[in-house]
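Visitor: Mind having a look at this structure? Questions to follow.
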Amino acid sequence: MNEVNLFSPYKLGDLELPNRMVMAPLTRNRAGDGNVPGQLNATYYTQRVSAGLIIAEATQVSPEGLGYPATPGIHSAAQVAGWKLVTDAVHQHGGRIFLQLWHVGRISHPDLQPDGALPVAPSAIAPKGEAATYEGMKPFVTPRALETSEIPLIVEQYRQGAKNALEAGFDGVEVHGANGYLLDQFLRDGTNKRTDEYGGSIENRARLLLEVTQAVTEVWGAGRVGVRLSPSGTFNDMHDSDPLATFGYAAEALNRFGLAYLHLIEVVEADLRHGGTEVPTSYLRDRFTGTLIVNGGYDLDKSNAVLSSHKADLVAFGTLFIANPDLPQRFALNAPLNPADPSTFYGGGEKGYIDYPFLAAS
Ligand code: 8OZ
């Protein structure tokens, strides 16, 4: 029997992936001035080119979508040119790279917003916690609720971001619907108290996610578009009164597009500590008919178990890809893994970014 494992090739839409290992989108806060990616980022991604698929880090589709220092954007000509450096380098080395399209919504601060404005959100509810500003951490402010008439502009920002990603040479895009950012804020009822057609019922709360997905698939074709969700996640002060119903509906509604994939961030222990409810991956596997990517603490054995039992089609790795640029080779040889240094995850330069050793050199 030929059991599926991490090294089985996979046909993702019309893309041929040489293995089932996905580099998860990872915020590293190393874009240059103007939130423009450059050679440093091109080197980092190129080092990780043996992944079956790279999903590049969360990238804001508009200035208002910014929530952290030095995250890249995809709304200016300079950002498109910077990303072109990255995609050209990855392609020259034989890789495949998607871009994650992002708007942080309320997870921002006036210090990061155009003209010092309030961040926007579905409803005027401040998250608990602090925003990462240029001057360090500051308490979150109460965001401004978007007017119904402004929502089409948000959809157009994603559409333009998708067009810019195409121009920048990516192989596809992932809609960031996870981790408490704008689309997730609309989806869950802890953050969405709207009384218009974007709030109230689950259908209404999912409307923005689906409209954005529609717009992005119109640019790319659905076979080059994925969506990421975090059904059990509590990060960024997220809660929902009925996550099984909310995310069950979202997974089924996404079937209409014929997407490249659905990418799930699975429950972590902290979610349960913060009052989250686990939405089992099997529950969404039963409802979403396309390719499923899972993410959340997988090692080699756990990955091969989830793939061989067809509980998922691909596995995404975050921390392991930060610390091991040649993770596929290490897994193939059952070689030791480099430990990750969390102190260099967010911000800084080459250290902890492009200096993790390859196997032959370590
Ligand atoms: C960690 C720090 C900043 C942003 C996410 C884009 O959680 C992020 C992120 C993670 O999806």
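Simple scheme: letters A, B, ... for chains in structure tokens order, numbers from 1 for residues in each chain, numbers from 1 for ligands in the order shown.
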Would you list the residues that come within 10 Å of ligand 1? Count only C-alpha atoms and all ligand atoms and give the answer as number ranges by chain.
Guide: A: 24-29, 57-60, 67-69, 71, 100-104, 107, 132, 176-181, 228-230, 233, 235-236, 265, 345-346
Visitor: Could you name the residues that touch Phe186 in chain A at 8 Å or less, counting only C-alpha atoms, but leaving out those on the same chain fewer than 2 positions away, as a VMD selection string?
Guide: chain A and resid 121 to 122 182 to 184 188 to 189 191 to 192 198 to 199 205 to 206 208 to 209
Visitor: From a DSSP calculation on the backbone, collect every residue of range 105-267 of chain A in strand (DSSP E) and output the set as a ChimeraX atom specification.
Guide: /A:120-121,130-133,136-139,144-145,172-176,225-229,261-265
Visitor: Tell me, as a list in words, which residues lie within 12 Å of Arg330 in chain A, counting only C-alpha atoms; anything in the same chain fewer than 6 positions away does not count.
Guide: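 Using only C-alpha atoms, the neighbours found are Leu6, Phe7, Ser50, Ala51, Asp299, Leu300, Leu320, Phe321, Ala323, Asn324, Pro336, Leu337, Asn338, Pro357, Phe358, Leu359, Ala360 and Ser362 of chain A.
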Visitor: Determine, counting only C-alpha atoms, which protein, DNA and RNA residues have an atom within 12 Å of an atom of His310 in chain A; residues of the same chain fewer than 3 positions away are not included. Present the result as a list in words.
Guide: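 Surrounding residues, per the criterion: Glu3, Val4, Asn5, Leu6, Thr281, Ser282, Arg285, Asp286, Thr291, Leu292, Ile293, Val294, Ser303, Asn304, Ala305, Val306, Leu307, Asp313, Leu314 and Val315 of chain A.
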Visitor: Can you check which residues of range 11-108 of chain A DSSP gives as alpha helix (DSSP H) on the backbone and send them as a ChimeraX atom specification?
Guide: /A:39-47,77-92
Visitor: Might you pull out every residue within 8 Å of Trp220 in chain A, with only C-alpha atoms counted and same-chain residues fewer than 4 positions away left off, and present them as a VMD selection string?
Guide: chain A and resid 162 to 163 166 172 216 224 to 225
Visitor: Looking at A:Leu17, A:Ala316, A:His109, A:Gly347, which one is nearest to Gly32 in chain A, with distances taken over only C-alpha atoms?
Guide: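 Checking each of A:Leu17, A:Ala316, A:His109, A:Gly347 against Gly32 in chain A, counting only C-alpha atoms, the winner is A:Gly347.
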Visitor: If we count only C-alpha atoms, what is near Val120 in chain A at a cut-off of 8 Å, once residues fewer than 5 positions away on the same chain are taken out, given as a list in words?
Guide: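 My reading of the contact set: Glu64, Gly105, Arg106, Pro143, Arg144, Ala145 and Leu146 of chain A.
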Visitor: Go ahead and save the picked residues with all heavy atoms, as a short mmCIF file (atom, residue, chain, number, x, y, z; two decimals), in the first residue's frame.
Guide:
data_model
loop_
_atom_site.label_atom_id
_atom_site.label_comp_id
_atom_site.auth_asym_id
_atom_site.auth_seq_id
_atom_site.Cartn_x
_atom_site.Cartn_y
_atom_site.Cartn_z
N GLU A 64 -5.20 51.49 6.10
CA GLU A 64 -6.02 51.29 7.29
C GLU A 64 -5.92 49.86 7.82
O GLU A 64 -6.28 49.57 8.96
CB GLU A 64 -7.49 51.59 6.98
CG GLU A 64 -7.77 53.04 6.61
CD GLU A 64 -7.42 53.37 5.17
OE1 GLU A 64 -7.23 52.43 4.35
OE2 GLU A 64 -7.31 54.56 4.84
N GLY A 105 -8.39 45.46 10.96
CA GLY A 105 -9.57 45.99 11.64
C GLY A 105 -9.20 46.67 12.94
O GLY A 105 -8.35 47.56 12.97
N ARG A 106 -9.80 46.20 14.05
CA ARG A 106 -9.61 46.88 15.35
C ARG A 106 -8.25 46.62 15.99
O ARG A 106 -7.92 47.25 17.01
CB ARG A 106 -10.73 46.49 16.31
CG ARG A 106 -10.67 45.04 16.76
CD ARG A 106 -11.76 44.72 17.80
NE ARG A 106 -11.56 43.38 18.34
CZ ARG A 106 -12.12 42.94 19.46
NH1 ARG A 106 -12.92 43.71 20.16
NH2 ARG A 106 -11.89 41.72 19.90
N PRO A 143 -12.52 51.07 18.58
CA PRO A 143 -12.50 51.37 17.14
C PRO A 143 -13.80 52.06 16.70
O PRO A 143 -14.78 52.10 17.45
CB PRO A 143 -12.39 49.99 16.51
CG PRO A 143 -13.07 49.08 17.49
CD PRO A 143 -12.78 49.65 18.85
N ARG A 144 -13.77 52.55 15.49
CA ARG A 144 -14.96 53.15 14.88
C ARG A 144 -15.69 52.09 14.06
O ARG A 144 -15.06 51.38 13.27
CB ARG A 144 -14.51 54.30 13.96
CG ARG A 144 -15.64 54.96 13.19
CD ARG A 144 -15.12 56.13 12.36
NE ARG A 144 -14.41 55.71 11.16
CZ ARG A 144 -14.98 55.29 10.02
NH1 ARG A 144 -16.30 55.17 9.93
NH2 ARG A 144 -14.23 54.97 8.98
N ALA A 145 -16.99 51.96 14.27
CA ALA A 145 -17.77 50.98 13.50
C ALA A 145 -17.91 51.47 12.06
O ALA A 145 -18.25 52.63 11.82
CB ALA A 145 -19.15 50.79 14.12
N LEU A 146 -17.62 50.60 11.12
CA LEU A 146 -17.76 50.95 9.70
C LEU A 146 -19.23 51.23 9.38
O LEU A 146 -20.13 50.50 9.83
CB LEU A 146 -17.26 49.80 8.82
CG LEU A 146 -15.74 49.65 8.73
CD1 LEU A 146 -15.40 48.25 8.24
CD2 LEU A 146 -15.14 50.71 7.80
#
Visitor: Which of these residues is nearest to Ile125 in chain A, using only C-alpha atoms: A:Asp237, A:Glu269, A:Glu150, A:Asp111?
Guide: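 Checking each candidate against Ile125 in chain A, we get A:Asp237 as the closest.
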Visitor: Between A:Val173, A:Val90, A:Val36, A:Ala332, which is the closest to Ala70 in chain A once you count only C-alpha atoms?
Guide: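 Going through A:Val173, A:Val90, A:Val36, A:Ala332 one by one, the smallest distance to Ala70 in chain A is for A:Val36.
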Visitor: In Å, with one decimal, what is the gap from CA of Met238 in chain A to CA of Ile322 in chain A?
Guide: 26.1 Å
